[in-house]
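Peer 1: Pasting a structure below so you can have a look.
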Amino acid sequence: MGYRVVSISYRRIPETTLWHQIDDVMSALRFIRANAETLGLNLDRCYLTGDSAGALLSLFALSTNGSEKLQQTFGIKGTGIRFRAAGLISIMLDTQHLDLHSLSNMVTNKADKGKAYEKYLLGPVSLLKETELPPLYLVTSKEDVIRKDTMKLKSHLTSEYRYKYFSKNKGRKLLHVFSVAYPMYPESKEVFQEMDSFFKEH
């Protein structure tokens, strides 16, 4: 589609905690900013995407990047990048949800207790009160096991967004992050075509 893509990685839970993952992503974005010319990147037209936990980290990055208050609260420097829009696929917003991986026991540790940023780690939707987000393209589906997280984010947004919801499909199961896991699906192609159009509008 004509984009130059940089894929960001980060340390995983339980090797580390959510604060360190946010710091990893922000560090990577600062590296991209500092090396944009070498990498052949156009920083005038930057977009951020992520799915599931990556969508959550994208939300933290966008929020922290756009708020000096949050940068001071987290003790993490901004990136110097202005994102024109972002695409969040099947976001994992509820960090207290008890699942097979017992995520709520690994999101924070003793070092986070009592810190000013702890409330944001335990309730990421509270980030929205502290920052102005770029336009968001949101995607989920009936068969997405955590679809309510995307719906919750949508209900709290005051900035511009576009919401894409897929009903149950008789021929294919549109499961959690299906558009990333099965890019050959017609519905997945629809997601990325719409996201492309949304980005180009901004």
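Labels for the structure tokens follow display order: chains A, B, ..., residues from 1 in each chain, ligands from 1.
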For Gly123 of chain A, please output as a VMD selection string all residues within 10 Å (counting only C-alpha atoms; exclusion window: fewer than 5 positions along the same chain).
Peer 2: chain A and resid 93 to 96 118
Peer 1: Could the residues in this selection be saved with all heavy atoms as a CSV table (one decimal), in the first residue's frame?
Peer 2:
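The new file again-v1.csv reads:
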```csv
chain,number,residue,atom,x,y,z
A,93,LEU,N,-7.8,-3.9,26.7
A,93,LEU,CA,-7.9,-2.7,27.5
A,93,LEU,C,-8.0,-3.0,29.0
A,93,LEU,O,-7.5,-2.2,29.9
A,93,LEU,CB,-9.1,-1.8,27.1
A,93,LEU,CG,-9.2,-0.4,27.7
A,93,LEU,CD1,-8.1,0.5,27.2
A,93,LEU,CD2,-10.6,0.2,27.4
A,94,ASP,N,-8.6,-4.1,29.4
A,94,ASP,CA,-8.8,-4.5,30.8
A,94,ASP,C,-7.6,-5.2,31.3
A,94,ASP,O,-7.5,-6.4,31.1
A,94,ASP,CB,-10.1,-5.3,30.9
A,94,ASP,CG,-10.4,-5.6,32.4
A,94,ASP,OD1,-9.7,-5.2,33.3
A,94,ASP,OD2,-11.4,-6.3,32.6
A,95,THR,N,-6.7,-4.5,32.0
A,95,THR,CA,-5.5,-5.2,32.5
A,95,THR,C,-5.7,-6.0,33.8
A,95,THR,O,-4.9,-6.7,34.3
A,95,THR,CB,-4.4,-4.2,32.7
A,95,THR,OG1,-4.9,-3.2,33.7
A,95,THR,CG2,-3.9,-3.5,31.5
A,96,GLN,N,-7.0,-5.9,34.3
A,96,GLN,CA,-7.3,-6.6,35.5
A,96,GLN,C,-8.1,-7.8,35.3
A,96,GLN,O,-8.5,-8.5,36.2
A,96,GLN,CB,-8.1,-5.7,36.5
A,96,GLN,CG,-7.3,-4.5,37.0
A,96,GLN,CD,-6.0,-5.0,37.7
A,96,GLN,OE1,-6.1,-5.6,38.8
A,96,GLN,NE2,-4.9,-4.8,37.1
A,118,GLU,N,0.6,4.1,38.7
A,118,GLU,CA,0.0,2.8,38.9
A,118,GLU,C,-1.4,2.8,38.5
A,118,GLU,O,-1.9,1.8,37.9
A,118,GLU,CB,0.1,2.4,40.3
A,118,GLU,CG,-0.4,1.0,40.6
A,118,GLU,CD,-0.3,0.7,42.1
A,118,GLU,OE1,-0.2,1.6,42.9
A,118,GLU,OE2,-0.4,-0.5,42.4
```
Peer 1: Neighbouring residues of Asp196 of chain A were defined as those with any atom within 10 Å, considering only C-alpha atoms; residues of the same chain fewer than 2 positions away were excluded. Please report them as a PyMOL selection string.
Peer 2: chain A and resi 1-3+87+137+190-194+198-201
Peer 1: Just write the chosen residues, all heavy atoms, as a compact mmCIF listing (two decimals), in the first residue's frame.
Peer 2:
```txt
# COMPACT_ATOMS: atom_id res chain seq x y z
N MET A 1 0.81 -1.22 0.00
CA MET A 1 0.00 0.00 0.00
C MET A 1 0.84 1.27 0.00
O MET A 1 0.31 2.36 0.10
CB MET A 1 -0.95 0.00 1.20
CG MET A 1 -2.05 -1.06 1.12
SD MET A 1 -3.15 -0.98 2.56
CE MET A 1 -4.46 -2.08 2.03
N GLY A 2 2.15 1.11 -0.07
CA GLY A 2 3.01 2.28 -0.17
C GLY A 2 3.59 2.79 1.14
O GLY A 2 4.25 3.83 1.17
N TYR A 3 3.35 2.07 2.24
CA TYR A 3 3.88 2.49 3.53
C TYR A 3 5.27 1.90 3.77
O TYR A 3 5.55 0.77 3.33
CB TYR A 3 2.97 2.03 4.67
CG TYR A 3 1.61 2.66 4.69
CD1 TYR A 3 0.55 2.09 3.98
CD2 TYR A 3 1.37 3.82 5.40
CE1 TYR A 3 -0.71 2.66 3.98
CE2 TYR A 3 0.11 4.40 5.42
CZ TYR A 3 -0.93 3.82 4.71
OH TYR A 3 -2.17 4.39 4.71
N GLY A 87 -4.34 2.88 14.26
CA GLY A 87 -5.27 1.77 14.09
C GLY A 87 -5.11 0.78 15.23
O GLY A 87 -4.02 0.24 15.42
N TYR A 137 -8.78 4.36 14.38
CA TYR A 137 -9.57 3.37 13.65
C TYR A 137 -9.62 2.14 14.55
O TYR A 137 -8.58 1.54 14.86
CB TYR A 137 -8.93 3.05 12.31
CG TYR A 137 -9.69 2.03 11.49
CD1 TYR A 137 -10.77 2.43 10.71
CD2 TYR A 137 -9.34 0.68 11.50
CE1 TYR A 137 -11.48 1.49 9.96
CE2 TYR A 137 -10.04 -0.25 10.75
CZ TYR A 137 -11.11 0.17 9.99
OH TYR A 137 -11.82 -0.76 9.25
N GLU A 190 -10.64 -6.06 3.95
CA GLU A 190 -11.53 -4.91 4.15
C GLU A 190 -11.02 -4.02 5.28
O GLU A 190 -11.04 -2.79 5.17
CB GLU A 190 -12.95 -5.41 4.46
CG GLU A 190 -13.97 -4.30 4.61
CD GLU A 190 -15.36 -4.85 4.89
OE1 GLU A 190 -15.59 -6.06 4.71
OE2 GLU A 190 -16.23 -4.05 5.31
N VAL A 191 -10.56 -4.65 6.37
CA VAL A 191 -10.02 -3.89 7.50
C VAL A 191 -8.86 -3.01 7.06
O VAL A 191 -8.82 -1.81 7.34
CB VAL A 191 -9.56 -4.83 8.63
CG1 VAL A 191 -8.67 -4.09 9.64
CG2 VAL A 191 -10.75 -5.45 9.34
N PHE A 192 -7.91 -3.59 6.34
CA PHE A 192 -6.72 -2.84 5.99
C PHE A 192 -6.96 -1.82 4.88
O PHE A 192 -6.31 -0.78 4.84
CB PHE A 192 -5.58 -3.80 5.66
CG PHE A 192 -5.13 -4.58 6.86
CD1 PHE A 192 -5.32 -5.95 6.93
CD2 PHE A 192 -4.58 -3.93 7.96
CE1 PHE A 192 -4.94 -6.66 8.06
CE2 PHE A 192 -4.20 -4.63 9.09
CZ PHE A 192 -4.38 -6.00 9.14
N GLN A 193 -7.92 -2.10 4.02
CA GLN A 193 -8.29 -1.10 3.01
C GLN A 193 -8.95 0.10 3.68
O GLN A 193 -8.66 1.25 3.34
CB GLN A 193 -9.22 -1.73 1.97
CG GLN A 193 -8.50 -2.68 1.03
CD GLN A 193 -9.46 -3.50 0.17
OE1 GLN A 193 -10.68 -3.43 0.33
NE2 GLN A 193 -8.91 -4.29 -0.73
N GLU A 194 -9.82 -0.17 4.65
CA GLU A 194 -10.48 0.92 5.36
C GLU A 194 -9.49 1.69 6.24
O GLU A 194 -9.58 2.92 6.34
CB GLU A 194 -11.63 0.39 6.22
CG GLU A 194 -12.83 -0.03 5.41
CD GLU A 194 -14.07 -0.21 6.28
OE1 GLU A 194 -13.99 0.08 7.50
OE2 GLU A 194 -15.11 -0.61 5.73
N PHE A 198 -8.61 5.58 5.99
CA PHE A 198 -8.72 6.41 7.18
C PHE A 198 -7.42 7.18 7.41
O PHE A 198 -7.44 8.39 7.69
CB PHE A 198 -9.05 5.54 8.39
CG PHE A 198 -9.30 6.31 9.66
CD1 PHE A 198 -10.46 7.02 9.84
CD2 PHE A 198 -8.35 6.32 10.68
CE1 PHE A 198 -10.71 7.72 11.02
CE2 PHE A 198 -8.58 7.01 11.86
CZ PHE A 198 -9.76 7.72 12.03
N PHE A 199 -6.30 6.51 7.27
CA PHE A 199 -5.00 7.15 7.45
C PHE A 199 -4.81 8.25 6.41
O PHE A 199 -4.35 9.36 6.72
CB PHE A 199 -3.87 6.14 7.35
CG PHE A 199 -3.73 5.23 8.54
CD1 PHE A 199 -2.78 4.23 8.55
CD2 PHE A 199 -4.53 5.39 9.67
CE1 PHE A 199 -2.63 3.40 9.65
CE2 PHE A 199 -4.39 4.56 10.77
CZ PHE A 199 -3.43 3.55 10.75
N LYS A 200 -5.16 7.97 5.17
CA LYS A 200 -4.95 8.93 4.10
C LYS A 200 -5.84 10.17 4.24
O LYS A 200 -5.51 11.24 3.71
CB LYS A 200 -5.15 8.26 2.74
CG LYS A 200 -3.99 7.34 2.38
CD LYS A 200 -4.23 6.59 1.09
CE LYS A 200 -3.02 5.72 0.77
NZ LYS A 200 -3.26 4.84 -0.41
N GLU A 201 -6.93 10.03 4.98
CA GLU A 201 -7.79 11.18 5.25
C GLU A 201 -7.11 12.14 6.23
O GLU A 201 -7.52 13.28 6.37
CB GLU A 201 -9.12 10.73 5.84
CG GLU A 201 -10.01 10.01 4.86
CD GLU A 201 -11.25 9.42 5.53
OE1 GLU A 201 -11.49 9.74 6.72
OE2 GLU A 201 -11.95 8.63 4.88
```
Peer 1: Restricting the calculation to only C-alpha atoms: of A:Tyr161, A:Phe74, A:Tyr117, A:Phe31, which residue gets closest to Ala86 of chain A?
Peer 2: A:Tyr161
Peer 1: Rank A:Lys170, A:Lys129, A:Lys142, A:Lys115 by their smallest atom-to-atom distance to His156 of chain A, using only C-alpha atoms, and report the top residue only.
Peer 2: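 Looking only at the distances to His156 of chain A, the closest residue turns out to be A:Lys129.
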Peer 1: One number please: atom CA of Arg45 of chain A to atom CA of Glu132 of chain A, in Å, one decimal.
Peer 2: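 Calculated distance between atom CA of Arg45 of chain A and atom CA of Glu132 of chain A is 18.1 Å.
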Peer 1: I need the residue nearest Gln72 of chain A from this list: A:Trp19, A:Met195, A:Ala116, A:Arg162. Use only C-alpha atoms for the distance.
Peer 2: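 Of A:Trp19, A:Met195, A:Ala116, A:Arg162, the one nearest Gln72 of chain A is A:Ala116, counting only C-alpha atoms.
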Peer 1: Considering only C-alpha atoms, state which residue in the set A:Gly80, A:Leu39, A:Glu15, A:Pro186 is at the smallest distance from Ser67 of chain A.
Peer 2: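 Nearest to Ser67 of chain A: A:Gly80.
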Peer 1: Find the residue from A:Ala53, A:Ile146, A:Leu127, A:Met92 that sits nearest to Lys69 of chain A; use only C-alpha atoms when measuring.
Peer 2: A:Leu127
Peer 1: Taking 2 positions as the minimum chain separation for residues in the same chain, which residues sit within 10 Å of Met151 of chain A when counting only C-alpha atoms? Answer as a list in words.
Peer 2: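 Here the qualifying residues turn out to be Ser90, Ile91, Leu93, Leu138, Val139, Thr140, Ile146, Arg147, Lys148, Asp149, Leu153, Lys154, Ser155, His156, Tyr163 and Tyr165 of chain A.
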Peer 1: Atom CA of Gln21 of chain A and atom CA of Val107 of chain A are how many Å apart?
Peer 2: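 It comes out at 9.9 Å.
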Peer 1: Could you tell me which of A:Gly40, A:Arg33, A:Ala55, A:Leu157 comes closest to Gly78 of chain A if we count only C-alpha atoms?
Peer 2: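 Residue with the minimum atom-to-atom distance to Gly78 of chain A: A:Arg33.
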Peer 1: What's around Glu187 of chain A at 12 Å? Count only C-alpha atoms, leave out sequence neighbours fewer than 4 positions away in its own chain, and write the answer as a ChimeraX atom specification.
Peer 2: /A:139-141,164-169,171-175,177-183,191-194
Peer 1: Output the selection as a PDB file, in the first residue's frame - N, CA and C atoms for each residue.
Peer 2:
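What landed in out35.pdb:
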```
ATOM      1  N   VAL A 139     -11.185  -1.749  15.552  1.00  0.00           N
ATOM      2  CA  VAL A 139     -11.731  -2.959  14.939  1.00  0.00           C
ATOM      3  C   VAL A 139     -11.963  -4.037  15.987  1.00  0.00           C
ATOM      4  N   THR A 140     -13.119  -4.698  15.914  1.00  0.00           N
ATOM      5  CA  THR A 140     -13.375  -5.893  16.700  1.00  0.00           C
ATOM      6  C   THR A 140     -14.432  -6.722  15.975  1.00  0.00           C
ATOM      7  N   SER A 141     -14.832  -7.825  16.594  1.00  0.00           N
ATOM      8  CA  SER A 141     -15.803  -8.718  15.960  1.00  0.00           C
ATOM      9  C   SER A 141     -16.623  -9.447  17.016  1.00  0.00           C
ATOM     10  N   LYS A 164     -15.196  -0.268  13.488  1.00  0.00           N
ATOM     11  CA  LYS A 164     -15.559  -1.355  12.583  1.00  0.00           C
ATOM     12  C   LYS A 164     -15.865  -2.610  13.398  1.00  0.00           C
ATOM     13  N   TYR A 165     -17.110  -3.089  13.281  1.00  0.00           N
ATOM     14  CA  TYR A 165     -17.541  -4.274  14.024  1.00  0.00           C
ATOM     15  C   TYR A 165     -18.056  -5.320  13.039  1.00  0.00           C
ATOM     16  N   PHE A 166     -17.504  -6.539  13.139  1.00  0.00           N
ATOM     17  CA  PHE A 166     -17.916  -7.617  12.259  1.00  0.00           C
ATOM     18  C   PHE A 166     -18.845  -8.581  12.998  1.00  0.00           C
ATOM     19  N   SER A 167     -19.996  -8.858  12.413  1.00  0.00           N
ATOM     20  CA  SER A 167     -20.919  -9.830  12.979  1.00  0.00           C
ATOM     21  C   SER A 167     -20.399 -11.241  12.728  1.00  0.00           C
ATOM     22  N   LYS A 168     -21.071 -12.224  13.319  1.00  0.00           N
ATOM     23  CA  LYS A 168     -20.653 -13.614  13.164  1.00  0.00           C
ATOM     24  C   LYS A 168     -20.742 -14.018  11.704  1.00  0.00           C
ATOM     25  N   ASN A 169     -19.714 -14.718  11.231  1.00  0.00           N
ATOM     26  CA  ASN A 169     -19.652 -15.141   9.837  1.00  0.00           C
ATOM     27  C   ASN A 169     -19.886 -16.646   9.756  1.00  0.00           C
ATOM     28  N   GLY A 171     -19.194 -18.695   7.291  1.00  0.00           N
ATOM     29  CA  GLY A 171     -18.134 -19.446   6.618  1.00  0.00           C
ATOM     30  C   GLY A 171     -16.802 -19.434   7.343  1.00  0.00           C
ATOM     31  N   ARG A 172     -16.495 -18.352   8.057  1.00  0.00           N
ATOM     32  CA  ARG A 172     -15.202 -18.213   8.722  1.00  0.00           C
ATOM     33  C   ARG A 172     -15.401 -17.655  10.120  1.00  0.00           C
ATOM     34  N   LYS A 173     -14.607 -18.120  11.059  1.00  0.00           N
ATOM     35  CA  LYS A 173     -14.648 -17.566  12.402  1.00  0.00           C
ATOM     36  C   LYS A 173     -13.752 -16.338  12.456  1.00  0.00           C
ATOM     37  N   LEU A 174     -14.349 -15.197  12.764  1.00  0.00           N
ATOM     38  CA  LEU A 174     -13.586 -13.950  12.857  1.00  0.00           C
ATOM     39  C   LEU A 174     -13.197 -13.750  14.322  1.00  0.00           C
ATOM     40  N   LEU A 175     -12.173 -14.485  14.715  1.00  0.00           N
ATOM     41  CA  LEU A 175     -11.744 -14.519  16.106  1.00  0.00           C
ATOM     42  C   LEU A 175     -10.900 -13.295  16.467  1.00  0.00           C
ATOM     43  N   VAL A 177      -8.197 -10.717  16.836  1.00  0.00           N
ATOM     44  CA  VAL A 177      -7.165 -10.245  15.877  1.00  0.00           C
ATOM     45  C   VAL A 177      -7.157 -11.057  14.581  1.00  0.00           C
ATOM     46  N   PHE A 178      -8.318 -11.431  14.104  1.00  0.00           N
ATOM     47  CA  PHE A 178      -8.402 -12.248  12.889  1.00  0.00           C
ATOM     48  C   PHE A 178      -7.744 -11.578  11.690  1.00  0.00           C
ATOM     49  N   SER A 179      -7.841 -10.250  11.621  1.00  0.00           N
ATOM     50  CA  SER A 179      -7.295  -9.563  10.451  1.00  0.00           C
ATOM     51  C   SER A 179      -5.773  -9.656  10.374  1.00  0.00           C
ATOM     52  N   VAL A 180      -5.129  -9.831  11.533  1.00  0.00           N
ATOM     53  CA  VAL A 180      -3.673 -10.007  11.573  1.00  0.00           C
ATOM     54  C   VAL A 180      -3.312 -11.478  11.397  1.00  0.00           C
ATOM     55  N   ALA A 181      -4.061 -12.342  12.057  1.00  0.00           N
ATOM     56  CA  ALA A 181      -3.774 -13.778  12.008  1.00  0.00           C
ATOM     57  C   ALA A 181      -4.117 -14.397  10.654  1.00  0.00           C
ATOM     58  N   TYR A 182      -5.153 -13.866  10.000  1.00  0.00           N
ATOM     59  CA  TYR A 182      -5.609 -14.425   8.722  1.00  0.00           C
ATOM     60  C   TYR A 182      -5.784 -13.299   7.697  1.00  0.00           C
ATOM     61  N   PRO A 183      -4.693 -12.718   7.243  1.00  0.00           N
ATOM     62  CA  PRO A 183      -4.782 -11.567   6.333  1.00  0.00           C
ATOM     63  C   PRO A 183      -5.389 -11.902   4.970  1.00  0.00           C
ATOM     64  N   VAL A 191     -10.562  -4.646   6.370  1.00  0.00           N
ATOM     65  CA  VAL A 191     -10.018  -3.890   7.504  1.00  0.00           C
ATOM     66  C   VAL A 191      -8.860  -3.014   7.057  1.00  0.00           C
ATOM     67  N   PHE A 192      -7.914  -3.590   6.345  1.00  0.00           N
ATOM     68  CA  PHE A 192      -6.716  -2.840   5.989  1.00  0.00           C
ATOM     69  C   PHE A 192      -6.960  -1.818   4.884  1.00  0.00           C
ATOM     70  N   GLN A 193      -7.917  -2.101   4.017  1.00  0.00           N
ATOM     71  CA  GLN A 193      -8.291  -1.099   3.014  1.00  0.00           C
ATOM     72  C   GLN A 193      -8.948   0.102   3.684  1.00  0.00           C
ATOM     73  N   GLU A 194      -9.817  -0.170   4.652  1.00  0.00           N
ATOM     74  CA  GLU A 194     -10.478   0.922   5.365  1.00  0.00           C
ATOM     75  C   GLU A 194      -9.495   1.693   6.239  1.00  0.00           C
TER      76      GLU A 194
END
```
Peer 1: So that I can check the secondary structure, give me every residue of segment 141-171 of chain A assigned alpha helix (DSSP H) by backbone DSSP, as a PDB file with C-alpha atoms, in the first residue's frame.
Peer 2:
```pdb
ATOM      1  CA  ARG A 147     -14.607  -7.438  22.062  1.00  0.00           C
ATOM      2  CA  LYS A 148     -16.030  -5.573  25.070  1.00  0.00           C
ATOM      3  CA  ASP A 149     -12.636  -3.919  25.565  1.00  0.00           C
ATOM      4  CA  THR A 150     -12.836  -2.204  22.170  1.00  0.00           C
ATOM      5  CA  MET A 151     -16.437  -1.235  22.884  1.00  0.00           C
ATOM      6  CA  LYS A 152     -15.401   0.233  26.229  1.00  0.00           C
ATOM      7  CA  LEU A 153     -12.650   2.302  24.636  1.00  0.00           C
ATOM      8  CA  LYS A 154     -15.084   3.573  22.001  1.00  0.00           C
ATOM      9  CA  SER A 155     -17.598   4.624  24.660  1.00  0.00           C
ATOM     10  CA  HIS A 156     -14.982   6.787  26.415  1.00  0.00           C
TER      11      HIS A 156
END
```
Peer 1: Could you tell me how far atom CA of Val6 of chain A sits from atom CA of Glu37 of chain A, in Å to one decimal place?
Peer 2: 13.4 Å
